[in-house]
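Working notes for the structure below.
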Amino acid sequence: MTMSVVWTAMVAVAVLCGAATGRGAQVAAGAAEGAKAAVDLCLAMGGMLCLWTGVMEVMRRAGLAQKLGRLLRPVLKRLYPGEDEVTLDCVAANASANLLGLGNAATPLGVEAAKRMAQRSGGRAGDSLCMLVVCNTASIQLLPTTVAAVRGAAGSANPFDILPAVWLSSALSVLAGITAVKLLSRVWRDGP
């Protein structure tokens with residue numbers, strides 16, 4: 001609701017300023033150009049997301065996602081102690097999708113894992129659920145497909161040239177998040 005008010009106010013101010021300065025035609029042309037650019041961006045991103053979601057589905061059907069999940073299992077068992085196999089499978093699938101930069105594909109898997117964790121902790125956000133939220137939000141991305149799609153739609157000659165920066169920043173953000181969750185869970189448990 002608040003964003004609707006903000007966007008409406010911004011459009012109203014732009015139209016009023018354009019009319020007051022005699023540039024109404026330029027404001028209208030800018031609005032039309034912006035709308036066209038938004039549609040072009042959405043189509044480019046939609047195509048890229050469809051491609052990588054399809055790649056993820058092929059990986060799942062070929063058993064590669066399951067193998068990646070098994071590869072991640074030792075780490076996940078340490079991050080989510082006491083969680084059952086089904087929950088860990090959901091977390092592994094979520095992490096796999098995030099590694100490929102498919103946040104949209106990762107969301108339903110993360111929601112399923114979060115529901116299962118919330119049921120086990122009586123509807124409260126336990127340590128595992130907090131860890132899931134942090135790891136999902138600050139996920140390590142091997143292939144930042146969504147960002148690459150935006151860069152490609154914006155005309156970048158090499159949309160994936162940001163890989164080293166993405167790898168470093170996402171690894172550091174996950175490390176900082178995991179450290180914060182572990183420290184705060186101890187403080188909260190030892191606190192009042």
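Residues in the structure tokens are numbered from 1 in each chain, the chains being A, B, ... in the order shown, and ligands are numbered from 1 in the order shown.
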Show me, as a tab-separated table, the residues of region 7-71 of chain A having an atom within 12 Å of region 100-110 of chain A, each with the closest atom pair and its distance in Å, using only C-alpha atoms.
```
residue	atom	partner	partner_atom	distance
A:Met45	CA	A:Leu102	CA	11.6
A:Gly46	CA	A:Asn104	CA	11.0
A:Met48	CA	A:Leu102	CA	10.1
A:Leu49	CA	A:Leu102	CA	7.4
A:Cys50	CA	A:Leu102	CA	9.9
A:Leu51	CA	A:Leu102	CA	10.4
A:Trp52	CA	A:Leu102	CA	7.2
A:Thr53	CA	A:Ala105	CA	6.8
A:Gly54	CA	A:Ala105	CA	10.2
A:Val55	CA	A:Leu100	CA	9.5
A:Met56	CA	A:Leu100	CA	8.1
A:Glu57	CA	A:Ala105	CA	9.8
A:Met59	CA	A:Leu100	CA	11.1
A:Ala65	CA	A:Leu100	CA	10.7
A:Leu68	CA	A:Leu100	CA	11.4
```
May I have the residues from that selection written out with C-alpha atoms, as a PDB file, in the first residue's frame?
```
ATOM      1  CA  MET A  45      14.573 -11.759 -17.516  1.00  0.00           C
ATOM      2  CA  GLY A  46      11.622 -14.083 -18.062  1.00  0.00           C
ATOM      3  CA  MET A  48      16.619 -16.228 -18.813  1.00  0.00           C
ATOM      4  CA  LEU A  49      14.683 -17.478 -15.784  1.00  0.00           C
ATOM      5  CA  CYS A  50      12.813 -19.982 -17.944  1.00  0.00           C
ATOM      6  CA  LEU A  51      16.097 -21.211 -19.377  1.00  0.00           C
ATOM      7  CA  TRP A  52      17.787 -21.719 -16.011  1.00  0.00           C
ATOM      8  CA  THR A  53      14.668 -23.124 -14.363  1.00  0.00           C
ATOM      9  CA  GLY A  54      14.566 -25.623 -17.225  1.00  0.00           C
ATOM     10  CA  VAL A  55      18.233 -26.437 -16.634  1.00  0.00           C
ATOM     11  CA  MET A  56      17.409 -27.001 -12.951  1.00  0.00           C
ATOM     12  CA  GLU A  57      14.524 -29.309 -13.911  1.00  0.00           C
ATOM     13  CA  MET A  59      19.337 -31.533 -13.433  1.00  0.00           C
ATOM     14  CA  ALA A  65      20.302 -32.034  -8.090  1.00  0.00           C
ATOM     15  CA  LEU A  68      24.420 -32.034  -5.290  1.00  0.00           C
TER      16      LEU A  68
END
```
If you run DSSP on this backbone, which residues of region 65-141 of chain A come out as alpha helix (DSSP H), and could you give them as an NGL selection string? :A and (65-79 or 85-99 or 103-120 or 127-137)
Quick one: everything within 10 Å of region 161-164 of chain A, counting only C-alpha atoms, minus sequence neighbours fewer than 4 positions away in the same chain. Send it as a list of chain:residue names.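 In the requested form, the answer reads A:Gln141, A:Leu142, A:Leu143, A:Pro144, A:Val147, A:Ala148, A:Arg151, A:Ser156, A:Ala157, A:Leu168, A:Ser169, A:Ser170.
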Just-selected residues, N, CA and C atoms written as a PDB file, in the first residue's frame:
```pdb
ATOM      1  N   GLN A 141      26.164 -17.955  -4.615  1.00  0.00           N
ATOM      2  CA  GLN A 141      25.708 -18.159  -5.985  1.00  0.00           C
ATOM      3  C   GLN A 141      26.897 -18.463  -6.883  1.00  0.00           C
ATOM      4  N   LEU A 142      26.867 -19.654  -7.466  1.00  0.00           N
ATOM      5  CA  LEU A 142      27.896 -20.005  -8.442  1.00  0.00           C
ATOM      6  C   LEU A 142      27.594 -19.361  -9.790  1.00  0.00           C
ATOM      7  N   LEU A 143      26.316 -19.338 -10.145  1.00  0.00           N
ATOM      8  CA  LEU A 143      25.867 -18.713 -11.397  1.00  0.00           C
ATOM      9  C   LEU A 143      24.775 -17.696 -11.073  1.00  0.00           C
ATOM     10  N   PRO A 144      25.092 -16.432 -11.037  1.00  0.00           N
ATOM     11  CA  PRO A 144      24.079 -15.414 -10.731  1.00  0.00           C
ATOM     12  C   PRO A 144      23.203 -15.142 -11.961  1.00  0.00           C
ATOM     13  N   VAL A 147      20.924 -11.829 -12.073  1.00  0.00           N
ATOM     14  CA  VAL A 147      21.728 -10.622 -12.280  1.00  0.00           C
ATOM     15  C   VAL A 147      22.289 -10.590 -13.701  1.00  0.00           C
ATOM     16  N   ALA A 148      22.718 -11.745 -14.186  1.00  0.00           N
ATOM     17  CA  ALA A 148      23.228 -11.809 -15.556  1.00  0.00           C
ATOM     18  C   ALA A 148      22.135 -11.483 -16.563  1.00  0.00           C
ATOM     19  N   ARG A 151      21.754  -7.744 -16.520  1.00  0.00           N
ATOM     20  CA  ARG A 151      22.893  -7.131 -17.201  1.00  0.00           C
ATOM     21  C   ARG A 151      22.817  -7.342 -18.710  1.00  0.00           C
ATOM     22  N   SER A 156      24.880  -5.409 -21.591  1.00  0.00           N
ATOM     23  CA  SER A 156      26.244  -5.815 -21.231  1.00  0.00           C
ATOM     24  C   SER A 156      26.793  -6.793 -22.261  1.00  0.00           C
ATOM     25  N   ALA A 157      28.026  -6.567 -22.679  1.00  0.00           N
ATOM     26  CA  ALA A 157      28.659  -7.456 -23.652  1.00  0.00           C
ATOM     27  C   ALA A 157      28.984  -8.811 -23.034  1.00  0.00           C
ATOM     28  N   LEU A 168      32.914 -14.002  -4.237  1.00  0.00           N
ATOM     29  CA  LEU A 168      33.524 -13.483  -3.010  1.00  0.00           C
ATOM     30  C   LEU A 168      32.475 -12.849  -2.098  1.00  0.00           C
ATOM     31  N   SER A 169      31.664 -11.968  -2.650  1.00  0.00           N
ATOM     32  CA  SER A 169      30.687 -11.267  -1.808  1.00  0.00           C
ATOM     33  C   SER A 169      29.629 -12.208  -1.253  1.00  0.00           C
ATOM     34  N   SER A 170      29.167 -13.185  -2.052  1.00  0.00           N
ATOM     35  CA  SER A 170      28.145 -14.091  -1.533  1.00  0.00           C
ATOM     36  C   SER A 170      28.740 -15.035  -0.482  1.00  0.00           C
TER      37      SER A 170
END
```
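Pairwise distance (CA of Ala113 (chain A), CA of Cys90 (chain A)) equals 5.4 Å.
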Long-range neighbours of Gly126 (chain A) as an MDAnalysis selection string, 9 Å cut-off, only C-alpha atoms, 6 positions minimum in chain: chainID A and resid 117:118 120 185
Would you mind exporting the chosen residues as a JSON list (two decimals), in the first residue's frame, restricted to C-alpha atoms?
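selection-v1.json written:
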```
[["chain", "number", "residue", "atom", "x", "y", "z"],
["A", 117, "MET", "CA", 10.93, -26.45, 10.81],
["A", 118, "ALA", "CA", 8.19, -24.24, 12.27],
["A", 120, "ARG", "CA", 8.86, -28.95, 14.87],
["A", 185, "SER", "CA", 21.63, -18.30, 19.32]]
```
Could you list, as an NGL selection string, every residue within 10 Å of Glu85 (chain A), counting only C-alpha atoms and ignoring same-chain residues fewer than 6 positions away? :A and (73 or 77 or 91)
Convert the current residue selection to file output with N, CA and C atoms, as a CSV table (one decimal), in the first residue's frame.
```csv
chain,number,residue,atom,x,y,z
A,73,ARG,N,25.0,-32.5,2.0
A,73,ARG,CA,24.4,-33.1,3.2
A,73,ARG,C,25.3,-32.9,4.4
A,77,LYS,N,23.8,-30.9,7.6
A,77,LYS,CA,23.5,-31.6,8.9
A,77,LYS,C,24.2,-30.8,10.1
A,91,VAL,N,15.9,-28.4,2.2
A,91,VAL,CA,16.9,-27.4,2.3
A,91,VAL,C,18.0,-27.6,1.3
```
Write out as an mmCIF file with C-alpha atoms, in the first residue's frame which residues come within 12 Å of Gly69 (chain A) when counting only C-alpha atoms, dropping same-chain ones fewer than 4 positions away.
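Saved the output as part29.cif:
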```cif
data_model
loop_
_atom_site.group_PDB
_atom_site.id
_atom_site.type_symbol
_atom_site.label_atom_id
_atom_site.label_comp_id
_atom_site.auth_asym_id
_atom_site.auth_seq_id
_atom_site.Cartn_x
_atom_site.Cartn_y
_atom_site.Cartn_z
ATOM 1 C CA MET A 59 19.337 -31.533 -13.433
ATOM 2 C CA ARG A 60 16.600 -32.746 -11.084
ATOM 3 C CA GLY A 63 19.569 -36.917 -10.590
ATOM 4 C CA LEU A 64 22.247 -34.215 -10.530
ATOM 5 C CA ALA A 65 20.302 -32.034 -8.090
ATOM 6 C CA ARG A 73 24.375 -33.063 3.184
ATOM 7 C CA PRO A 74 27.378 -33.080 5.611
ATOM 8 C CA VAL A 75 27.404 -29.284 5.748
ATOM 9 C CA LEU A 76 23.616 -29.080 6.064
ATOM 10 C CA LYS A 77 23.544 -31.586 8.940
ATOM 11 C CA GLU A 85 15.702 -36.202 6.193
ATOM 12 C CA VAL A 86 12.698 -34.704 4.363
ATOM 13 C CA THR A 87 13.426 -31.247 5.749
ATOM 14 C CA LEU A 88 17.105 -31.593 4.853
ATOM 15 C CA ASP A 89 16.096 -32.649 1.316
ATOM 16 C CA CYS A 90 14.034 -29.445 0.996
ATOM 17 C CA VAL A 91 16.937 -27.383 2.338
ATOM 18 C CA ALA A 92 19.363 -29.129 -0.042
ATOM 19 C CA ALA A 93 17.099 -28.456 -3.029
ATOM 20 C CA ASN A 94 16.737 -24.825 -1.894
ATOM 21 C CA ALA A 95 20.517 -24.465 -1.575
ATOM 22 C CA SER A 96 21.033 -26.088 -4.995
ATOM 23 C CA ALA A 97 18.649 -23.636 -6.653
ATOM 24 C CA LEU A 99 23.763 -21.938 -6.009
#
```
Region 56-166 of chain A residues near region 29-44 of chain A within 9 Å, closest pair each, using only C-alpha atoms, as CSV:
```
residue,atom,partner,partner_atom,distance
A:Ala149,CA,A:Ala44,CA,6.6
A:Val150,CA,A:Leu41,CA,6.9
A:Gly152,CA,A:Ala44,CA,7.9
A:Ala153,CA,A:Leu41,CA,5.7
A:Ala154,CA,A:Leu41,CA,7.6
```
Write to file, as a tab-separated table (two decimals), in the first residue's frame, the residues of the selection just made, with C-alpha atoms.
```
chain	number	residue	atom	x	y	z
A	149	ALA	CA	19.79	-11.60	-17.18
A	150	VAL	CA	19.39	-8.00	-16.00
A	152	GLY	CA	22.27	-8.81	-20.56
A	153	ALA	CA	18.98	-6.96	-21.00
A	154	ALA	CA	20.77	-3.71	-20.19
```
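Between CA of Ala19 (chain A) and CA of Trp7 (chain A) lies a distance of 18.3 Å.
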